[in-house]
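What follows is upload_23.pdb (PDB, C-alpha atoms, pLDDT in the B column).
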ATOM      1  CA  MET A   1     -20.544 -25.013 -20.792  1.00 45.00           C
ATOM      2  CA  ARG A   2     -21.998 -23.185 -17.781  1.00 47.00           C
ATOM      3  CA  ALA A   3     -23.891 -20.808 -20.079  1.00 46.00           C
ATOM      4  CA  ALA A   4     -25.328 -23.706 -22.052  1.00 46.00           C
ATOM      5  CA  VAL A   5     -26.495 -25.498 -18.896  1.00 43.00           C
ATOM      6  CA  LEU A   6     -28.023 -22.278 -17.564  1.00 45.00           C
ATOM      7  CA  CYS A   7     -29.697 -21.685 -20.906  1.00 46.00           C
ATOM      8  CA  LEU A   8     -31.180 -25.192 -21.011  1.00 46.00           C
ATOM      9  CA  ALA A   9     -32.330 -24.965 -17.399  1.00 46.00           C
ATOM     10  CA  THR A  10     -33.986 -21.624 -18.035  1.00 44.00           C
ATOM     11  CA  LEU A  11     -35.665 -22.919 -21.191  1.00 45.00           C
ATOM     12  CA  ALA A  12     -36.996 -25.908 -19.272  1.00 48.00           C
ATOM     13  CA  LEU A  13     -38.461 -23.594 -16.644  1.00 45.00           C
ATOM     14  CA  ALA A  14     -39.743 -20.940 -19.036  1.00 44.00           C
ATOM     15  CA  PRO A  15     -40.996 -22.471 -22.306  1.00 42.00           C
ATOM     16  CA  ALA A  16     -41.915 -19.016 -23.605  1.00 40.00           C
ATOM     17  CA  LEU A  17     -38.228 -18.289 -24.196  1.00 42.00           C
ATOM     18  CA  GLN A  18     -37.267 -19.327 -27.719  1.00 42.00           C
ATOM     19  CA  ALA A  19     -33.472 -19.001 -27.632  1.00 44.00           C
ATOM     20  CA  CYS A  20     -30.602 -18.038 -25.400  1.00 48.00           C
ATOM     21  CA  PRO A  21     -28.091 -15.478 -26.613  1.00 54.00           C
ATOM     22  CA  SER A  22     -24.428 -16.364 -26.622  1.00 59.00           C
ATOM     23  CA  CYS A  23     -21.712 -13.967 -25.584  1.00 65.00           C
ATOM     24  CA  PRO A  24     -18.159 -14.289 -26.883  1.00 68.00           C
ATOM     25  CA  TYR A  25     -16.926 -11.805 -24.238  1.00 70.00           C
ATOM     26  CA  GLU A  26     -17.238 -10.896 -20.580  1.00 80.00           C
ATOM     27  CA  THR A  27     -16.685  -7.181 -21.141  1.00 85.00           C
ATOM     28  CA  GLN A  28     -15.800  -5.229 -24.266  1.00 88.00           C
ATOM     29  CA  CYS A  29     -15.600  -1.643 -25.494  1.00 93.00           C
ATOM     30  CA  SER A  30     -17.807   0.162 -27.946  1.00 92.00           C
ATOM     31  CA  GLY A  31     -16.132   3.563 -28.053  1.00 96.00           C
ATOM     32  CA  ASP A  32     -16.144   4.697 -24.422  1.00 96.00           C
ATOM     33  CA  VAL A  33     -19.045   2.424 -23.492  1.00 93.00           C
ATOM     34  CA  LEU A  34     -18.227  -0.695 -21.470  1.00 91.00           C
ATOM     35  CA  MET A  35     -20.478  -3.552 -22.539  1.00 87.00           C
ATOM     36  CA  PHE A  36     -20.760  -6.558 -20.263  1.00 81.00           C
ATOM     37  CA  CYS A  37     -22.232  -9.984 -20.692  1.00 77.00           C
ATOM     38  CA  THR A  38     -23.232 -12.007 -17.670  1.00 62.00           C
ATOM     39  CA  LEU A  39     -24.595 -15.515 -17.394  1.00 55.00           C
ATOM     40  CA  GLY A  40     -27.602 -14.457 -15.357  1.00 50.00           C
ATOM     41  CA  VAL A  41     -31.294 -14.552 -16.115  1.00 46.00           C
ATOM     42  CA  ASP A  42     -31.103 -10.882 -17.160  1.00 45.00           C
ATOM     43  CA  GLN A  43     -29.128 -11.948 -20.227  1.00 48.00           C
ATOM     44  CA  LEU A  44     -31.559 -14.716 -21.039  1.00 48.00           C
ATOM     45  CA  VAL A  45     -34.728 -12.636 -20.821  1.00 49.00           C
ATOM     46  CA  GLY A  46     -33.256  -9.389 -22.150  1.00 48.00           C
ATOM     47  CA  SER A  47     -33.464  -7.000 -19.207  1.00 44.00           C
ATOM     48  CA  PRO A  48     -33.196  -3.458 -20.604  1.00 42.00           C
ATOM     49  CA  GLU A  49     -30.798  -2.390 -17.839  1.00 41.00           C
ATOM     50  CA  ARG A  50     -28.133  -4.991 -18.485  1.00 51.00           C
ATOM     51  CA  GLY A  51     -25.292  -4.863 -20.844  1.00 77.00           C
ATOM     52  CA  GLU A  52     -23.562  -1.499 -20.832  1.00 85.00           C
ATOM     53  CA  ARG A  53     -22.463   1.616 -19.045  1.00 88.00           C
ATOM     54  CA  THR A  54     -20.710   4.720 -20.283  1.00 94.00           C
ATOM     55  CA  CYS A  55     -17.203   5.199 -18.906  1.00 95.00           C
ATOM     56  CA  GLU A  56     -17.238   8.492 -16.992  1.00 94.00           C
ATOM     57  CA  ALA A  57     -14.813  10.544 -14.919  1.00 94.00           C
ATOM     58  CA  PRO A  58     -12.544   9.741 -13.256  1.00 96.00           C
ATOM     59  CA  ASN A  59     -12.291   6.750 -15.670  1.00 96.00           C
ATOM     60  CA  PRO A  60     -13.628   8.121 -18.971  1.00 98.00           C
ATOM     61  CA  SER A  61     -11.814   5.729 -21.324  1.00 98.00           C
ATOM     62  CA  CYS A  62     -12.896   2.203 -22.183  1.00 97.00           C
ATOM     63  CA  VAL A  63      -9.762   0.107 -22.716  1.00 97.00           C
ATOM     64  CA  THR A  64      -9.466  -3.406 -24.103  1.00 95.00           C
ATOM     65  CA  VAL A  65      -7.445  -5.805 -21.946  1.00 94.00           C
ATOM     66  CA  ASP A  66      -7.775  -8.911 -24.148  1.00 92.00           C
ATOM     67  CA  ASP A  67     -10.300 -10.478 -26.532  1.00 87.00           C
ATOM     68  CA  ARG A  68     -12.752 -11.194 -23.674  1.00 84.00           C
ATOM     69  CA  THR A  69     -12.140  -8.356 -21.240  1.00 89.00           C
ATOM     70  CA  ALA A  70     -12.270  -4.556 -21.102  1.00 92.00           C
ATOM     71  CA  LEU A  71     -12.594  -1.948 -18.351  1.00 94.00           C
ATOM     72  CA  CYS A  72     -13.066   1.765 -17.728  1.00 95.00           C
ATOM     73  CA  ALA A  73      -9.721   3.468 -17.008  1.00 97.00           C
ATOM     74  CA  THR A  74      -8.219   6.939 -16.711  1.00 97.00           C
ATOM     75  CA  SER A  75      -6.676   6.737 -20.205  1.00 97.00           C
ATOM     76  CA  PRO A  76      -5.488   4.062 -22.639  1.00 97.00           C
ATOM     77  CA  ASP A  77      -2.058   5.714 -22.372  1.00 97.00           C
ATOM     78  CA  ARG A  78      -1.836   5.419 -18.548  1.00 96.00           C
ATOM     79  CA  THR A  79      -0.459   1.919 -18.154  1.00 96.00           C
ATOM     80  CA  CYS A  80       0.969   0.437 -14.958  1.00 97.00           C
ATOM     81  CA  THR A  81       2.543  -2.661 -13.475  1.00 96.00           C
ATOM     82  CA  VAL A  82      -0.001  -5.107 -12.077  1.00 92.00           C
ATOM     83  CA  GLY A  83       0.529  -5.554  -8.339  1.00 92.00           C
ATOM     84  CA  ILE A  84       1.864  -2.050  -7.709  1.00 94.00           C
ATOM     85  CA  ALA A  85       0.524  -0.564  -4.466  1.00 94.00           C
ATOM     86  CA  PRO A  86      -2.476   1.777  -4.772  1.00 95.00           C
ATOM     87  CA  ARG A  87      -1.624   5.447  -4.214  1.00 96.00           C
ATOM     88  CA  CYS A  88      -3.436   8.674  -3.412  1.00 95.00           C
ATOM     89  CA  ASP A  89      -3.464  11.583  -5.839  1.00 96.00           C
ATOM     90  CA  GLY A  90      -5.191  14.174  -3.685  1.00 94.00           C
ATOM     91  CA  GLN A  91      -8.552  12.592  -2.802  1.00 94.00           C
ATOM     92  CA  VAL A  92      -8.377  10.166  -5.730  1.00 96.00           C
ATOM     93  CA  LEU A  93      -7.228   6.587  -5.179  1.00 95.00           C
ATOM     94  CA  VAL A  94      -5.231   5.284  -8.160  1.00 97.00           C
ATOM     95  CA  THR A  95      -4.966   1.514  -8.598  1.00 96.00           C
ATOM     96  CA  CYS A  96      -3.634  -0.738 -11.343  1.00 96.00           C
ATOM     97  CA  GLU A  97      -6.148  -3.104 -12.918  1.00 94.00           C
ATOM     98  CA  ALA A  98      -5.045  -5.401 -15.727  1.00 95.00           C
ATOM     99  CA  GLY A  99      -2.183  -3.029 -16.581  1.00 97.00           C
ATOM    100  CA  PHE A 100      -4.212   0.212 -16.716  1.00 97.00           C
ATOM    101  CA  GLU A 101      -4.578   2.994 -14.138  1.00 97.00           C
ATOM    102  CA  VAL A 102      -8.044   3.139 -12.617  1.00 97.00           C
ATOM    103  CA  ALA A 103      -9.051   6.075 -10.420  1.00 96.00           C
ATOM    104  CA  LYS A 104     -11.610   6.178  -7.629  1.00 94.00           C
ATOM    105  CA  ASP A 105     -12.781   9.497  -6.240  1.00 93.00           C
ATOM    106  CA  CYS A 106     -12.793   8.759  -2.516  1.00 91.00           C
ATOM    107  CA  ALA A 107     -14.731  11.955  -1.785  1.00 90.00           C
ATOM    108  CA  ALA A 108     -17.626  10.766  -3.997  1.00 87.00           C
ATOM    109  CA  ASP A 109     -18.399   8.122  -1.356  1.00 81.00           C
ATOM    110  CA  GLY A 110     -17.809  10.505   1.556  1.00 83.00           C
ATOM    111  CA  ASN A 111     -14.318   9.111   2.130  1.00 88.00           C
ATOM    112  CA  VAL A 112     -10.811  10.517   2.270  1.00 91.00           C
ATOM    113  CA  CYS A 113      -7.803   9.040   0.488  1.00 92.00           C
ATOM    114  CA  GLY A 114      -4.999   8.086   2.843  1.00 89.00           C
ATOM    115  CA  GLU A 115      -1.926   5.904   2.809  1.00 87.00           C
ATOM    116  CA  LEU A 116      -1.153   3.271   5.399  1.00 81.00           C
ATOM    117  CA  ASP A 117       1.824   0.897   5.215  1.00 81.00           C
ATOM    118  CA  GLY A 118       2.752   2.245   1.773  1.00 87.00           C
ATOM    119  CA  ALA A 119      -0.626   1.640   0.149  1.00 90.00           C
ATOM    120  CA  GLY A 120      -3.418   4.097  -0.563  1.00 92.00           C
ATOM    121  CA  ARG A 121      -7.006   3.419   0.483  1.00 89.00           C
ATOM    122  CA  CYS A 122     -10.307   5.253   0.705  1.00 89.00           C
ATOM    123  CA  TYR A 123     -11.220   5.658   4.367  1.00 88.00           C
ATOM    124  CA  ALA A 124     -14.474   6.845   5.908  1.00 85.00           C
ATOM    125  CA  ASP A 125     -14.423  10.524   6.869  1.00 80.00           C
ATOM    126  CA  PRO A 126     -13.904  11.182   9.693  1.00 79.00           C
ATOM    127  CA  LEU A 127     -11.248   8.504  10.011  1.00 81.00           C
ATOM    128  CA  THR A 128     -12.876   5.826  12.156  1.00 85.00           C
ATOM    129  CA  ALA A 129     -10.899   2.940  13.626  1.00 87.00           C
ATOM    130  CA  CYS A 130     -12.377  -0.551  13.402  1.00 89.00           C
ATOM    131  CA  GLU A 131     -11.461  -4.165  14.070  1.00 88.00           C
ATOM    132  CA  SER A 132     -10.566  -6.378  11.113  1.00 82.00           C
ATOM    133  CA  ASP A 133     -13.244  -8.875  12.162  1.00 82.00           C
ATOM    134  CA  ASP A 134     -16.050  -6.263  12.111  1.00 87.00           C
ATOM    135  CA  THR A 135     -18.853  -7.481   9.847  1.00 90.00           C
ATOM    136  CA  PRO A 136     -19.238  -5.580   6.552  1.00 94.00           C
ATOM    137  CA  THR A 137     -22.633  -3.890   6.155  1.00 93.00           C
ATOM    138  CA  CYS A 138     -24.689  -2.136   3.487  1.00 94.00           C
ATOM    139  CA  GLU A 139     -25.983   1.407   3.644  1.00 92.00           C
ATOM    140  CA  GLY A 140     -28.167   1.499   0.546  1.00 92.00           C
ATOM    141  CA  ASP A 141     -25.780   0.491  -2.257  1.00 89.00           C
ATOM    142  CA  VAL A 142     -22.700   1.516  -0.256  1.00 89.00           C
ATOM    143  CA  LEU A 143     -20.590  -1.284   1.202  1.00 92.00           C
ATOM    144  CA  ILE A 144     -19.061  -0.393   4.575  1.00 92.00           C
ATOM    145  CA  ARG A 145     -16.183  -2.575   5.761  1.00 91.00           C
ATOM    146  CA  CYS A 146     -12.955  -2.497   7.743  1.00 90.00           C
ATOM    147  CA  GLU A 147      -9.715  -2.257   5.752  1.00 84.00           C
ATOM    148  CA  GLY A 148      -6.327  -1.606   7.261  1.00 79.00           C
ATOM    149  CA  GLY A 149      -7.899  -0.862  10.658  1.00 86.00           C
ATOM    150  CA  TYR A 150     -10.233   1.892   9.394  1.00 86.00           C
ATOM    151  CA  LEU A 151     -13.767   1.979   8.004  1.00 88.00           C
ATOM    152  CA  THR A 152     -14.089   2.277   4.237  1.00 86.00           C
ATOM    153  CA  ARG A 153     -17.152   3.054   2.123  1.00 85.00           C
ATOM    154  CA  GLU A 154     -17.582   1.841  -1.466  1.00 85.00           C
ATOM    155  CA  ASP A 155     -20.420   2.645  -3.842  1.00 83.00           C
ATOM    156  CA  CYS A 156     -21.063  -0.786  -5.361  1.00 84.00           C
ATOM    157  CA  GLY A 157     -22.773   0.738  -8.404  1.00 78.00           C
ATOM    158  CA  LEU A 158     -19.467   2.181  -9.605  1.00 73.00           C
ATOM    159  CA  ARG A 159     -18.073  -1.299 -10.287  1.00 73.00           C
ATOM    160  CA  SER A 160     -18.356  -2.943 -13.709  1.00 66.00           C
ATOM    161  CA  GLY A 161     -21.733  -4.546 -14.183  1.00 68.00           C
ATOM    162  CA  ASN A 162     -23.459  -2.094 -11.811  1.00 70.00           C
ATOM    163  CA  PRO A 163     -23.717  -4.481  -8.840  1.00 82.00           C
ATOM    164  CA  THR A 164     -25.651  -3.583  -5.707  1.00 89.00           C
ATOM    165  CA  CYS A 165     -24.716  -3.989  -2.055  1.00 92.00           C
ATOM    166  CA  GLN A 166     -25.929  -7.409  -0.906  1.00 93.00           C
ATOM    167  CA  THR A 167     -26.361  -8.628   2.663  1.00 93.00           C
ATOM    168  CA  VAL A 168     -26.108 -12.260   3.739  1.00 92.00           C
ATOM    169  CA  ASP A 169     -27.820 -12.885   7.068  1.00 90.00           C
ATOM    170  CA  GLU A 170     -27.580 -16.567   7.913  1.00 89.00           C
ATOM    171  CA  PRO A 171     -27.539 -18.052  11.423  1.00 89.00           C
ATOM    172  CA  ASP A 172     -23.853 -19.002  11.229  1.00 87.00           C
ATOM    173  CA  ARG A 173     -22.551 -16.066   9.163  1.00 86.00           C
ATOM    174  CA  LYS A 174     -23.399 -12.477   8.392  1.00 88.00           C
ATOM    175  CA  TYR A 175     -21.635 -10.274   5.854  1.00 91.00           C
ATOM    176  CA  ALA A 176     -22.136  -7.862   2.976  1.00 92.00           C
ATOM    177  CA  TYR A 177     -20.576  -7.567  -0.463  1.00 91.00           C
ATOM    178  CA  CYS A 178     -20.940  -5.873  -3.860  1.00 89.00           C
ATOM    179  CA  GLY A 179     -22.615  -8.332  -6.201  1.00 85.00           C
TER
END

Mind turning the file's structure into structure tokens?
Amino acid sequence: MRAAVLCLATLALAPALQACPSCPYETQCSGDVLMFCTLGVDQLVGSPERGERTCEAPNPSCVTVDDRTALCATSPDRTCTVGIAPRCDGQVLVTCEAGFEVAKDCAADGNVCGELDGAGRCYADPLTACESDDTPTCEGDVLIRCEGGYLTREDCGLRSGNPTCQTVDEPDRKYAYCG
């Protein structure tokens, strides 16, 4: 329904568009390529940069979760229990997403992998203490925020859909996020 409303609204605003594509999936695999379908204007006008990204190390395998969802993971054979605590494997953070192991190379973002209270996290290197109410910020496309009492850095572009680091700077609230 949301896609149809967005399509109609876009057509009303841009008569040059003849039709809106429909997507029966959010993400899906084509070999080891993760294809994604969003409900944004990029889908409606056919932006050449939307739609897919090749699964690369440390998550070189595209795995199908269900008929609407897929993700890049370490291997289709490396399954896990959803909700299990993230762990460090050297400088690689291993998490469980939708029943598959997903790895994040902490060092790629200039971080170190460390465990606190039984859960692994990527922390800024050198380890820098912070307050949980510190406002997240962007440094290019890297989101910097406080997690578990220490600064973390995350390259937003490594997430599905290739989001960028976004900053919200309103009078009553300021924050940053990957979106």

CA of Gly51 in chain A to CA of Glu26 in chain A, straight-line distance in Å: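 Calculated distance between CA of Glu26 in chain A and CA of Gly51 in chain A is 10.1 Å.
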
Residues in the PyMOL selection byres ((chain A and resi 99-110) around 9), expressed as an MDAnalysis selection string: chainID A and resid 57:59 63 65 71:82 91:98 111:113 121:125 142 153:155

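For the pair CA of Cys138 in chain A and CA of Phe36 in chain A, the separation is 24.5 Å.
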
Picked residues, the PyMOL selection byres ((chain A and resi 85) around 8), expected as a list in words: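 Listing what the PyMOL selection byres ((chain A and resi 85) around 8) selects in the shown file: Gly83, Ile84, Pro86, Arg87, Thr95, Gly118, Ala119 and Gly120 of chain A.
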
Distance of CA of Ser30 in chain A from CA of Thr164 in chain A, expressed in Å to one decimal place: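 Calculated distance between CA of Thr164 in chain A and CA of Ser30 in chain A is 23.9 Å.
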